[in-house]
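A quick write-up on the structure given underneath.
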Protein chains: 2
Amino acid sequence: MSYGHWGKLLRVNLTTGEIRSEVLNERFLRHYVGGWGFIAYHLLKEVPAGSDPLGPENKLIFTTGPITAQPLAGGGRHMAGAKSPLTGGFGAGECGGFFGAELKRAGWDIVLIEGASENPVYLWIQDEQVELRPADHLWGKPTLDCQEAIQDELGDRRIRVAQCGPAGERLARIANIISDVNRAVGRTGLGAVMGSKKLRAIAVRGHQRPPVADPERVSELGKWFRDNYRETGSAVYAEIGTLRMVRVNQNVGGLPTRNFQQGVFEGFEKLTAEAQMAITRQRDTCFGCPVRCKWVVEINDEERPVDPKYGGPEYETVGAMGSLCGIDDLGATAYANQLCNAYGLDTIGAGMTIAFAMECFERGIIGPQDTDGLDLRFGNSDALIAILERIGRREGFGDVLAEGSRRAAEAIGGDAPACTVHIKGQELAMHDPRVKYGHGLGIAVSPTGADHMHSVHDSGYTSDGGIENLKPFGILEPLPFDDISVAKARMVRYAMIWRVLDNLTGICMFHDWTPQQKTDIISASTGWNTSVLELWRAAERAYDMARAFNTREGFGRDDDILPPRLFEALPEGPVAGKVYTREEFISARDMLYEMMGWDLETGAPTRARLEDLDIGWVAELIEDVS
Amino acid sequence: MSYGHWGKLLRVNLTTGEIRSEVLNERFLRHYVGGWGFIAYHLLKEVPAGSDPLGPENKLIFTTGPITAQPLAGGGRHMAGAKSPLTGGFGAGECGGFFGAELKRAGWDIVLIEGASENPVYLWIQDEQVELRPADHLWGKPTLDCQEAIQDELGDRRIRVAQCGPAGERLARIANIISDVNRAVGRTGLGAVMGSKKLRAIAVRGHQRPPVADPERVSELGKWFRDNYRETGSAVYAEIGTLRMVRVNQNVGGLPTRNFQQGVFEGFEKLTAEAQMAITRQRDTCFGCPVRCKWVVEINDEERPVDPKYGGPEYETVGAMGSLCGIDDLGATAYANQLCNAYGLDTIGAGMTIAFAMECFERGIIGPQDTDGLDLRFGNSDALIAILERIGRREGFGDVLAEGSRRAAEAIGGDAPACTVHIKGQELAMHDPRVKYGHGLGIAVSPTGADHMHSVHDSGYTSDGGIENLKPFGILEPLPFDDISVAKARMVRYAMIWRVLDNLTGICMFHDWTPQQKTDIISASTGWNTSVLELWRAAERAYDMARAFNTREGFGRDDDILPPRLFEALPEGPVAGKVYTREEFISARDMLYEMMGWDLETGAPTRARLEDLDIGWVAELIEDVS
């Protein structure tokens, strides 16, 4: 008997139309847990080396975790992954909302999509009843229209829909997978994988309670969080939401501005949480979560109306579509957010790619002749909206940018590549490593490229209070943001791996559970006699499987590096003129490598490391490569 | 404010007579915890490479742990260490009883003895009042006489005494440190270090309650154990004590017999726990412990009277002075145990050295002319008693054997070395790796040589029930005793490191706490926001510091191997004819090396490994060597 998981995988072959249920045994579930663990396992085992991410041999995997659908904050999350069309390596992300809980309640831990359909389809999962249905009538529709059409067609407004959007249909490599039309598995271009398979959507309705080992303990922990989150680090999310980061980053001089050329933005006040309140219509939250960190906006503008159904812009979006593009118009940013959600575009990838293009434009690398006449200058919000529409429809210059900044730069040629700010082809999120050096280490080595979801934000670990949740790992002293010593590498190692556990389990990074509490939650749900150590090892296991996948796809040590721009000091603000040197950075990164048990030549986990994590089978797969 | 520790080290310089108190800061206490951690730290920092273990530059360190003196099972234990005169490497051991609790109550976490006295002295610690007192009148006295003389002299029968005994005085390298005259820090020859410093004893009386973070929680855990230990793995120790292992090992064919030439002993029934009951006078236990695992024997024999004050023989003693010497006379074994306790001899080291000599005698490598006429054949209990007395007094052939089997074999020459069964010069305890392959891995790599206190006894992990306490480390499946695969290496890695935590903290290996319970105990005592992971890392840290000490003293990969005898199959019994090959063994050991982060060439912890454990300073010390 399993608890916390059903022990069931749903395999859907879009080429043959075959749908079958497979059993996941206890050992598999405990060893790989969920999220990255489940995804990397299946990618390594089932997707041949060198596969085209947009070909039928790629597989798209949706997973839940051991706490999904429990009456707990975090119970709504799901994770998805595939070989990334954006990076060519391990692609994965996670998402809040309600889709994950619904999927779990339908009785599935994993939905594995393989092959590709000839015609547009969507997958309809109602508990054990699973069918592929035609989606020709949904093709090309904005996400909200698509979602409502499915709900109407199936006669149930409580159906949860995850979909790729028109951008994914058109294989935009910065396309995401949207659920509830306002949450996204945003990074690594997974929407394009979904589009390449002609799978427009997955609609789910579940009616089963997932098995739980100790329901009373789960309820107790849930209640504890409801009663106490205001006293934890989660409080700020309840108070002002993610946009608090605009002021935080501005104050430390690391608010990404004009394509990371600057770290302070003169118009930042117009982009703050306080500014957002003026257009906020209501608060939103995810399954089981009392924090209500989401601020739903509404703008009754004739030209650019913002519909609250599409949610509201989070910090990443306000950064990427605001300061990063030199834009101080929150209304335009909110509208851009809606466009991304309607088209199924990653707001970070899209904003970063547009900012890249704006820099190229300002530097004269491209001109109006390239941009279909658009005056693509920093600060031009009309141009932002216009190019975003074109990316979503892959029209004109938008077709070039839909490929993401790295490919766009290659297509443009000349000095364009120097204007990109990506790692492994994935654009940076709105966190400048020059104000948090440890974050730079984390994103440099991350298997998913510049991914802010698991790389430590060392700003949180610079104080005695901030360090508290690292103490159970033996990291006892805070370090300043600009430390790039061995001690910082060590801190990153422990913090980033523990963060990956959130992905494995469905725990939300905004919830300030202690390591022991996380362990208790998972133990209460699964019944495992587990510990921080076992869970930490599980996260290491998943991390190294993801890295091994990249090794197999040809990634090496040179890919684990920041882009050149991030070795240039910022010109103004608190950190003006100050940055780690390339040598300092590489030295810390190499120590991180060795601490992690990665080969200094190839960057691949060593056999001993993999054996220690009890995944010797992975070593076999990369033996020829590493 | 510290909890769990006082934050105080007592430094006693025997050369100058200087006594001073030093402060141990919070970071030091949490980083190194106690036991091996404290010992290895000071040996690495303060004992120069290449020091003579019996010279004044060696330092002898007594430590308590964070749970010592708490009202908890395990609260009575103390640990001691120095550079070992037996191995030349890291020397350390641990001990039950009451001395540790008394020392802690006197207000000290560490007592560090340095230099050497010109004349015999003993150290008298009464809380903050510490003095060196002459011990000429104690010199040469049996331990009981010495202890009672000190108690009488100081006028307090509640004074606890740890002492080296007459064997230690005479620098026998198999001398131990005895406390309460019936408990010992037995291995690695620490009694000789004490003797070399002319420090006959440490007498302690403490009147202070050590600071504890959460006294209620400590009491609760103590009560839980008292109420529940009968349902745990501790129950067997309460029921029949350690002698249960005689039958267990006989049944699996691994009861060390005739110097490890055999694994079944025809006379074993006379050495069992059941046989012991006939001579048992009472039960004994350690500070705070409800298990009462010790069986105190009394024999009113005119020639060989056994005094209950000296306790009774444990399994190791009955093995070493019984089956190992081919002796099936429990009375003789009990008397031999008393002799060892009176002289301050390690019963394992002494029994093993005598068994070695008996084998030499039977093989004709030595004869009566070498043994002062003793007929040193297996089974001759009179000869056992006689040679033991001579070892204790270093008379005749006893003087040769007092050096331990490795040095004795070198002195004897010829084929004698082939009859030794030691690792790094320390004789094997009564656990034959040929019936527990994982144990062989553990003792082969142990920094203290063939030490059974932290090497996993894989017999415990061959069943689903046995594996339960390894599950929190992610070791989910039991393995048969004769598995020597990568999986066994992994199991050993996690089990042995966790076992070292017992040494760091004072937890007793006979107490079947779960990993989480151990974490709770330490957390309740110290107030640390800790976890299984942090504690496991602390144990790794201590382990690697001990290894690094050995590296500095010239130990390498070739020292991490079983003696030749243990690669020969046993001739009879359940495992007759069956043993791992040298290649299989080395292959698993090398995988263990790599998993542990030890260099395959030198066997030393790599710099990255040390940095990961936040002891980069250790790397500096061994840089030239490794």
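Going by the structure tokens order, chains are called A, B, ..., each with residues numbered from 1, while ligands are numbered from 1 in the order shown.
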Each residue of chain B with at least one atom at most 10 Å from chain A should appear once, together with its nearest atom pair and the corresponding distance in Å (one decimal); atoms considered: only C-alpha atoms; ordering: chain, then increasing residue number; output as a tab-separated table.
residue	atom	partner	partner_atom	distance
B:Arg27	CA	A:Leu476	CA	7.9
B:Arg30	CA	A:Gly474	CA	8.5
B:His31	CA	A:Gly474	CA	7.7
B:Glu468	CA	A:Asn529	CA	7.8
B:Asn469	CA	A:Asn529	CA	8.3
B:Leu470	CA	A:Thr530	CA	9.3
B:Lys471	CA	A:Thr530	CA	6.5
B:Pro472	CA	A:Thr530	CA	4.1
B:Phe473	CA	A:Glu534	CA	4.6
B:Gly474	CA	A:Glu534	CA	4.9
B:Ile475	CA	A:Glu534	CA	8.5
B:Leu476	CA	A:Arg27	CA	7.9
B:Glu477	CA	A:Arg27	CA	9.1
B:Val486	CA	A:Glu611	CA	7.2
B:Ala487	CA	A:Asp614	CA	7.7
B:Ala489	CA	A:Asp612	CA	8.8
B:Arg490	CA	A:Asp612	CA	6.0
B:Met491	CA	A:Asp612	CA	9.3
B:Arg493	CA	A:Asp612	CA	8.8
B:Tyr494	CA	A:Asp612	CA	9.6
B:Thr514	CA	A:Asn529	CA	9.3
B:Pro515	CA	A:Ser531	CA	8.0
B:Gln516	CA	A:Ser531	CA	7.1
B:Thr519	CA	A:Ser531	CA	10.0
B:Trp528	CA	A:Pro472	CA	8.3
B:Asn529	CA	A:Pro472	CA	5.9
B:Thr530	CA	A:Pro472	CA	4.1
B:Ser531	CA	A:Pro472	CA	4.9
B:Val532	CA	A:Leu533	CA	5.8
B:Leu533	CA	A:Leu533	CA	4.5
B:Glu534	CA	A:Phe473	CA	4.6
B:Leu535	CA	A:Gly474	CA	8.0
B:Trp536	CA	A:Leu533	CA	8.0
B:Arg537	CA	A:Gly474	CA	7.4
B:Ala538	CA	A:Gly474	CA	7.9
B:Asp590	CA	A:Ala608	CA	9.5
B:Met591	CA	A:Ala608	CA	6.4
B:Leu592	CA	A:Ala608	CA	8.3
B:Tyr593	CA	A:Ala608	CA	8.8
B:Glu594	CA	A:Ala608	CA	5.6
B:Met595	CA	A:Ala608	CA	5.3
B:Met596	CA	A:Asp612	CA	8.7
B:Gly597	CA	A:Gly597	CA	8.2
B:Thr606	CA	A:Glu594	CA	9.2
B:Arg607	CA	A:Glu594	CA	8.9
B:Ala608	CA	A:Met595	CA	5.3
B:Arg609	CA	A:Met595	CA	6.1
B:Leu610	CA	A:Met595	CA	8.8
B:Glu611	CA	A:Val486	CA	7.2
B:Asp612	CA	A:Met595	CA	5.6
B:Leu613	CA	A:Gly474	CA	8.6
B:Asp614	CA	A:Ala487	CA	7.7
B:Gly616	CA	A:Val486	CA	9.1
Would you output that residue set with C-alpha atoms, as an mmCIF file, in the first residue's frame?
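out-v4.cif, freshly written:
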data_model
loop_
_atom_site.group_PDB
_atom_site.id
_atom_site.type_symbol
_atom_site.label_atom_id
_atom_site.label_comp_id
_atom_site.auth_asym_id
_atom_site.auth_seq_id
_atom_site.Cartn_x
_atom_site.Cartn_y
_atom_site.Cartn_z
ATOM 1 C CA ARG B 27 30.642 27.247 16.804
ATOM 2 C CA ARG B 30 28.290 22.567 17.272
ATOM 3 C CA HIS B 31 30.863 21.836 14.611
ATOM 4 C CA GLU B 468 14.323 0.200 9.462
ATOM 5 C CA ASN B 469 16.830 2.545 11.088
ATOM 6 C CA LEU B 470 18.755 2.911 7.836
ATOM 7 C CA LYS B 471 15.688 3.996 5.876
ATOM 8 C CA PRO B 472 16.021 7.603 6.998
ATOM 9 C CA PHE B 473 19.330 7.575 5.131
ATOM 10 C CA GLY B 474 17.718 6.283 1.977
ATOM 11 C CA ILE B 475 19.020 2.740 2.442
ATOM 12 C CA LEU B 476 15.759 0.937 1.853
ATOM 13 C CA GLU B 477 16.571 -2.690 1.165
ATOM 14 C CA VAL B 486 28.489 -1.492 -4.353
ATOM 15 C CA ALA B 487 25.199 -1.603 -2.447
ATOM 16 C CA ALA B 489 29.630 -0.334 0.372
ATOM 17 C CA ARG B 490 26.869 2.260 0.343
ATOM 18 C CA MET B 491 25.148 0.679 3.318
ATOM 19 C CA ARG B 493 29.035 4.246 4.429
ATOM 20 C CA TYR B 494 25.761 5.407 5.923
ATOM 21 C CA THR B 514 15.744 5.933 15.688
ATOM 22 C CA PRO B 515 17.793 8.548 13.829
ATOM 23 C CA GLN B 516 15.054 11.081 14.448
ATOM 24 C CA THR B 519 18.300 14.059 16.651
ATOM 25 C CA TRP B 528 20.218 23.419 18.183
ATOM 26 C CA ASN B 529 17.856 23.658 15.270
ATOM 27 C CA THR B 530 19.500 20.575 13.872
ATOM 28 C CA SER B 531 18.660 17.562 11.730
ATOM 29 C CA VAL B 532 19.790 14.066 10.873
ATOM 30 C CA LEU B 533 21.699 15.653 8.004
ATOM 31 C CA GLU B 534 23.668 18.105 10.138
ATOM 32 C CA LEU B 535 24.492 15.423 12.692
ATOM 33 C CA TRP B 536 25.469 13.002 9.992
ATOM 34 C CA ARG B 537 27.783 15.629 8.531
ATOM 35 C CA ALA B 538 29.259 16.238 11.983
ATOM 36 C CA ASP B 590 37.524 1.448 -3.287
ATOM 37 C CA MET B 591 33.908 2.310 -4.027
ATOM 38 C CA LEU B 592 33.479 3.143 -0.359
ATOM 39 C CA TYR B 593 36.562 5.359 -0.666
ATOM 40 C CA GLU B 594 35.147 7.252 -3.566
ATOM 41 C CA MET B 595 31.706 7.601 -2.047
ATOM 42 C CA MET B 596 33.327 8.985 1.073
ATOM 43 C CA GLY B 597 35.359 11.465 -0.952
ATOM 44 C CA THR B 606 40.155 15.251 -0.722
ATOM 45 C CA ARG B 607 40.275 18.971 -0.259
ATOM 46 C CA ALA B 608 36.784 19.321 -1.702
ATOM 47 C CA ARG B 609 35.519 16.760 0.729
ATOM 48 C CA LEU B 610 37.107 18.615 3.634
ATOM 49 C CA GLU B 611 35.805 21.928 2.369
ATOM 50 C CA ASP B 612 32.357 20.455 2.043
ATOM 51 C CA LEU B 613 32.587 19.489 5.683
ATOM 52 C CA ASP B 614 33.810 23.002 6.494
ATOM 53 C CA GLY B 616 39.381 23.278 5.013
#
For Phe265 of chain B, work out the shell of residues within 10 Å, counting only C-alpha atoms and skipping chain neighbours fewer than 2 positions away, then give it as JSON, numbers by chain.
{"B": [246, 249, 250, 253, 254, 255, 256, 257, 258, 262, 263, 267, 268, 269, 271, 322, 323, 324, 326, 327, 328, 573]}
At what distance in Å, to one decimal, does atom CA of Gly168 of chain A lie from atom CA of Ala332 of chain A?
23.0 Å
Between A:Ala203, A:Ala273, A:Ile385, A:Ala49, single out the one closest to Glu131 of chain A, counting only C-alpha atoms.
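Checking each candidate against Glu131 of chain A, we get A:Ala203 as the closest.
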Within 8 Å of His78 of chain B using only C-alpha atoms, minus same-chain residues under 5 positions, as JSON, numbers by chain
{"B": [35, 62, 63, 64, 65, 68, 94, 95, 96, 99, 100, 101, 506]}
Selection export as an mmCIF file, in the first residue's frame, atoms kept: N, CA, C and O atoms:
data_model
loop_
_atom_site.group_PDB
_atom_site.id
_atom_site.type_symbol
_atom_site.label_atom_id
_atom_site.label_comp_id
_atom_site.auth_asym_id
_atom_site.auth_seq_id
_atom_site.Cartn_x
_atom_site.Cartn_y
_atom_site.Cartn_z
ATOM 1 N N GLY B 35 33.501 13.797 21.659
ATOM 2 C CA GLY B 35 34.171 12.549 21.294
ATOM 3 C C GLY B 35 35.224 12.711 20.208
ATOM 4 O O GLY B 35 36.095 13.587 20.290
ATOM 5 N N PHE B 62 40.164 13.639 27.245
ATOM 6 C CA PHE B 62 38.908 13.060 27.722
ATOM 7 C C PHE B 62 37.778 14.001 27.332
ATOM 8 O O PHE B 62 37.910 15.211 27.512
ATOM 9 N N THR B 63 36.703 13.445 26.800
ATOM 10 C CA THR B 63 35.585 14.334 26.456
ATOM 11 C C THR B 63 34.253 13.742 26.905
ATOM 12 O O THR B 63 34.118 12.532 27.086
ATOM 13 N N THR B 64 33.328 14.659 27.059
ATOM 14 C CA THR B 64 31.939 14.253 27.220
ATOM 15 C C THR B 64 31.214 14.676 25.948
ATOM 16 O O THR B 64 31.837 15.232 25.035
ATOM 17 N N GLY B 65 29.933 14.422 25.871
ATOM 18 C CA GLY B 65 29.154 14.826 24.700
ATOM 19 C C GLY B 65 27.978 15.675 25.119
ATOM 20 O O GLY B 65 27.782 15.926 26.316
ATOM 21 N N THR B 68 25.737 14.092 27.733
ATOM 22 C CA THR B 68 26.311 13.539 28.954
ATOM 23 C C THR B 68 25.710 14.196 30.197
ATOM 24 O O THR B 68 25.534 15.403 30.244
ATOM 25 N N GLU B 94 35.520 4.801 23.652
ATOM 26 C CA GLU B 94 34.418 5.329 24.424
ATOM 27 C C GLU B 94 34.088 4.349 25.532
ATOM 28 O O GLU B 94 34.514 3.187 25.497
ATOM 29 N N CYS B 95 33.322 4.805 26.484
ATOM 30 C CA CYS B 95 33.163 4.035 27.705
ATOM 31 C C CYS B 95 31.847 4.380 28.395
ATOM 32 O O CYS B 95 31.479 5.544 28.485
ATOM 33 N N GLY B 96 31.161 3.364 28.879
ATOM 34 C CA GLY B 96 29.960 3.600 29.675
ATOM 35 C C GLY B 96 30.307 3.818 31.131
ATOM 36 O O GLY B 96 31.459 4.031 31.489
ATOM 37 N N PHE B 99 31.655 7.753 35.018
ATOM 38 C CA PHE B 99 32.727 8.743 35.019
ATOM 39 C C PHE B 99 32.376 9.958 34.161
ATOM 40 O O PHE B 99 32.600 11.105 34.559
ATOM 41 N N GLY B 100 31.813 9.696 32.981
ATOM 42 C CA GLY B 100 31.486 10.786 32.059
ATOM 43 C C GLY B 100 30.489 11.760 32.659
ATOM 44 O O GLY B 100 30.673 12.989 32.579
ATOM 45 N N ALA B 101 29.447 11.208 33.269
ATOM 46 C CA ALA B 101 28.430 12.073 33.870
ATOM 47 C C ALA B 101 29.034 12.911 34.988
ATOM 48 O O ALA B 101 28.733 14.095 35.144
ATOM 49 N N GLY B 506 27.767 10.580 22.955
ATOM 50 C CA GLY B 506 27.650 9.797 24.172
ATOM 51 C C GLY B 506 26.480 8.824 24.132
ATOM 52 O O GLY B 506 26.239 8.104 25.106
#
Which parts of segment 494-571 of chain B does DSSP call helix (DSSP H, G or I) when run on the backbone here, written out as a PyMOL selection string?
chain B and resi 494-505+515-526+532-552+557-559+564-567
Go ahead and write the selection's residues with C-alpha atoms as a PDB file, in the first residue's frame.
ATOM      1  CA  TYR B 494      25.761   5.407   5.923  1.00  0.00           C
ATOM      2  CA  ALA B 495      25.650   2.992   8.838  1.00  0.00           C
ATOM      3  CA  MET B 496      29.214   3.478  10.025  1.00  0.00           C
ATOM      4  CA  ILE B 497      29.095   7.246   9.870  1.00  0.00           C
ATOM      5  CA  TRP B 498      25.872   7.323  11.818  1.00  0.00           C
ATOM      6  CA  ARG B 499      27.448   5.036  14.390  1.00  0.00           C
ATOM      7  CA  VAL B 500      30.262   7.529  14.884  1.00  0.00           C
ATOM      8  CA  LEU B 501      27.616  10.012  15.987  1.00  0.00           C
ATOM      9  CA  ASP B 502      27.119   7.846  19.068  1.00  0.00           C
ATOM     10  CA  ASN B 503      30.729   8.468  19.937  1.00  0.00           C
ATOM     11  CA  LEU B 504      30.376  12.208  19.375  1.00  0.00           C
ATOM     12  CA  THR B 505      27.340  12.512  21.554  1.00  0.00           C
ATOM     13  CA  PRO B 515      17.793   8.548  13.829  1.00  0.00           C
ATOM     14  CA  GLN B 516      15.054  11.081  14.448  1.00  0.00           C
ATOM     15  CA  GLN B 517      14.978  10.267  18.144  1.00  0.00           C
ATOM     16  CA  LYS B 518      18.728  10.729  18.386  1.00  0.00           C
ATOM     17  CA  THR B 519      18.300  14.059  16.651  1.00  0.00           C
ATOM     18  CA  ASP B 520      15.536  14.991  19.082  1.00  0.00           C
ATOM     19  CA  ILE B 521      17.672  14.067  22.079  1.00  0.00           C
ATOM     20  CA  ILE B 522      20.561  16.196  20.890  1.00  0.00           C
ATOM     21  CA  SER B 523      18.283  19.034  19.937  1.00  0.00           C
ATOM     22  CA  ALA B 524      16.487  18.959  23.282  1.00  0.00           C
ATOM     23  CA  SER B 525      19.791  19.014  25.091  1.00  0.00           C
ATOM     24  CA  THR B 526      21.573  21.637  22.992  1.00  0.00           C
ATOM     25  CA  VAL B 532      19.790  14.066  10.873  1.00  0.00           C
ATOM     26  CA  LEU B 533      21.699  15.653   8.004  1.00  0.00           C
ATOM     27  CA  GLU B 534      23.668  18.105  10.138  1.00  0.00           C
ATOM     28  CA  LEU B 535      24.492  15.423  12.692  1.00  0.00           C
ATOM     29  CA  TRP B 536      25.469  13.002   9.992  1.00  0.00           C
ATOM     30  CA  ARG B 537      27.783  15.629   8.531  1.00  0.00           C
ATOM     31  CA  ALA B 538      29.259  16.238  11.983  1.00  0.00           C
ATOM     32  CA  ALA B 539      30.034  12.533  12.233  1.00  0.00           C
ATOM     33  CA  GLU B 540      31.569  12.571   8.748  1.00  0.00           C
ATOM     34  CA  ARG B 541      33.612  15.590   9.791  1.00  0.00           C
ATOM     35  CA  ALA B 542      34.973  13.803  12.847  1.00  0.00           C
ATOM     36  CA  TYR B 543      35.609  10.637  10.849  1.00  0.00           C
ATOM     37  CA  ASP B 544      37.548  12.490   8.179  1.00  0.00           C
ATOM     38  CA  MET B 545      39.555  14.452  10.709  1.00  0.00           C
ATOM     39  CA  ALA B 546      40.595  11.141  12.254  1.00  0.00           C
ATOM     40  CA  ARG B 547      41.503   9.839   8.811  1.00  0.00           C
ATOM     41  CA  ALA B 548      43.439  12.975   8.029  1.00  0.00           C
ATOM     42  CA  PHE B 549      45.364  12.496  11.257  1.00  0.00           C
ATOM     43  CA  ASN B 550      46.352   9.058  10.000  1.00  0.00           C
ATOM     44  CA  THR B 551      47.314  10.467   6.627  1.00  0.00           C
ATOM     45  CA  ARG B 552      49.628  12.875   8.370  1.00  0.00           C
ATOM     46  CA  ARG B 557      45.546   2.875   1.168  1.00  0.00           C
ATOM     47  CA  ASP B 558      47.496  -0.301   1.882  1.00  0.00           C
ATOM     48  CA  ASP B 559      46.705   0.051   5.557  1.00  0.00           C
ATOM     49  CA  PRO B 564      45.513 -12.315   5.196  1.00  0.00           C
ATOM     50  CA  ARG B 565      43.735 -14.751   7.493  1.00  0.00           C
ATOM     51  CA  LEU B 566      40.417 -13.101   6.810  1.00  0.00           C
ATOM     52  CA  PHE B 567      40.729 -13.797   3.117  1.00  0.00           C
TER      53      PHE B 567
END
Please determine, counting only C-alpha atoms, which residue among B:Leu190, B:Ala213, B:Ile39, B:Ala444 has the shortest atom-to-atom distance to Trp6 of chain B.
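Looking only at the distances to Trp6 of chain B, the closest residue turns out to be B:Ala213.
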Atomic distance atom CA of Tyr335 of chain A - atom CA of Ala135 of chain A, expressed in Å with one decimal
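Straight-line distance from atom CA of Tyr335 of chain A to atom CA of Ala135 of chain A works out to 27.2 Å.
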Between atom CA of Arg589 of chain B and atom CA of Ala450 of chain B, what is the distance in Å, rounded to a tenth?
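Separation between atom CA of Arg589 of chain B and atom CA of Ala450 of chain B: 14.8 Å.
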Neighbouring residues of Asp346 of chain B were defined as those with any atom within 7 Å, considering only C-alpha atoms; residues of the same chain fewer than 3 positions away were excluded. Please report them as an MDAnalysis selection string.
chainID B and resid 174:176 186:187 340 349:350
Just to be explicit: take each residue in the selection above, keep N, CA and C atoms, and write the result as a PDB file, in the first residue's frame.
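Generated output (part_26.pdb):
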ATOM      1  N   ILE B 174      48.703  -2.589  24.868  1.00  0.00           N
ATOM      2  CA  ILE B 174      47.319  -3.060  24.882  1.00  0.00           C
ATOM      3  C   ILE B 174      46.648  -2.691  26.215  1.00  0.00           C
ATOM      4  N   ALA B 175      47.198  -1.666  26.850  1.00  0.00           N
ATOM      5  CA  ALA B 175      46.610  -1.194  28.113  1.00  0.00           C
ATOM      6  C   ALA B 175      45.438  -0.265  27.817  1.00  0.00           C
ATOM      7  N   ASN B 176      44.448  -0.319  28.685  1.00  0.00           N
ATOM      8  CA  ASN B 176      43.274   0.531  28.483  1.00  0.00           C
ATOM      9  C   ASN B 176      43.153   1.559  29.601  1.00  0.00           C
ATOM     10  N   GLY B 186      38.680   0.827  25.836  1.00  0.00           N
ATOM     11  CA  GLY B 186      39.507  -0.360  25.743  1.00  0.00           C
ATOM     12  C   GLY B 186      40.593  -0.358  24.689  1.00  0.00           C
ATOM     13  N   ARG B 187      40.261   0.219  23.546  1.00  0.00           N
ATOM     14  CA  ARG B 187      41.122  -0.024  22.395  1.00  0.00           C
ATOM     15  C   ARG B 187      42.183   1.057  22.197  1.00  0.00           C
ATOM     16  N   CYS B 340      42.361  -8.540  33.740  1.00  0.00           N
ATOM     17  CA  CYS B 340      42.485  -7.417  32.794  1.00  0.00           C
ATOM     18  C   CYS B 340      42.017  -6.125  33.442  1.00  0.00           C
ATOM     19  N   GLY B 349      42.454  -6.911  23.084  1.00  0.00           N
ATOM     20  CA  GLY B 349      43.870  -6.889  22.696  1.00  0.00           C
ATOM     21  C   GLY B 349      44.664  -7.982  23.386  1.00  0.00           C
ATOM     22  N   ALA B 350      44.378  -8.170  24.686  1.00  0.00           N
ATOM     23  CA  ALA B 350      45.118  -9.184  25.442  1.00  0.00           C
ATOM     24  C   ALA B 350      44.755 -10.585  24.951  1.00  0.00           C
TER      25      ALA B 350
END
Test item, strand (DSSP E or B) assignment across segment 177-333 of chain B, answer as a PyMOL selection string
chain B and resi 177-179+183-185+199-205+257+262+280-284+294-297+299+306
Write a file of the just-selected residues containing C-alpha atoms, as a short mmCIF file (atom, residue, chain, number, x, y, z; two decimals), in the first residue's frame.
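Now in again-v7.cif:
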data_model
loop_
_atom_site.label_atom_id
_atom_site.label_comp_id
_atom_site.auth_asym_id
_atom_site.auth_seq_id
_atom_site.Cartn_x
_atom_site.Cartn_y
_atom_site.Cartn_z
CA ILE B 177 41.77 3.27 30.60
CA ILE B 178 39.51 1.77 33.24
CA SER B 179 36.78 3.59 35.06
CA ARG B 183 34.34 -0.18 32.33
CA ALA B 184 37.01 0.67 29.83
CA VAL B 185 38.04 2.84 26.97
CA LEU B 199 49.17 10.07 35.33
CA ARG B 200 47.79 7.14 37.20
CA ALA B 201 44.25 8.38 37.57
CA ILE B 202 41.70 11.10 37.16
CA ALA B 203 39.31 11.41 40.08
CA VAL B 204 36.19 13.44 39.62
CA ARG B 205 33.33 14.73 41.65
CA THR B 257 37.81 -19.58 17.58
CA GLN B 262 37.74 -21.39 13.05
CA THR B 280 25.83 -13.93 38.10
CA ARG B 281 25.41 -12.17 41.36
CA GLN B 282 23.62 -9.05 40.23
CA ARG B 283 22.89 -6.78 37.31
CA ASP B 284 24.63 -3.50 36.72
CA LYS B 294 25.77 -5.79 32.54
CA TRP B 295 25.92 -9.11 34.36
CA VAL B 296 28.07 -8.91 37.46
CA VAL B 297 29.61 -12.22 38.36
CA ILE B 299 33.01 -16.82 41.98
CA VAL B 306 36.13 -13.37 41.13
#
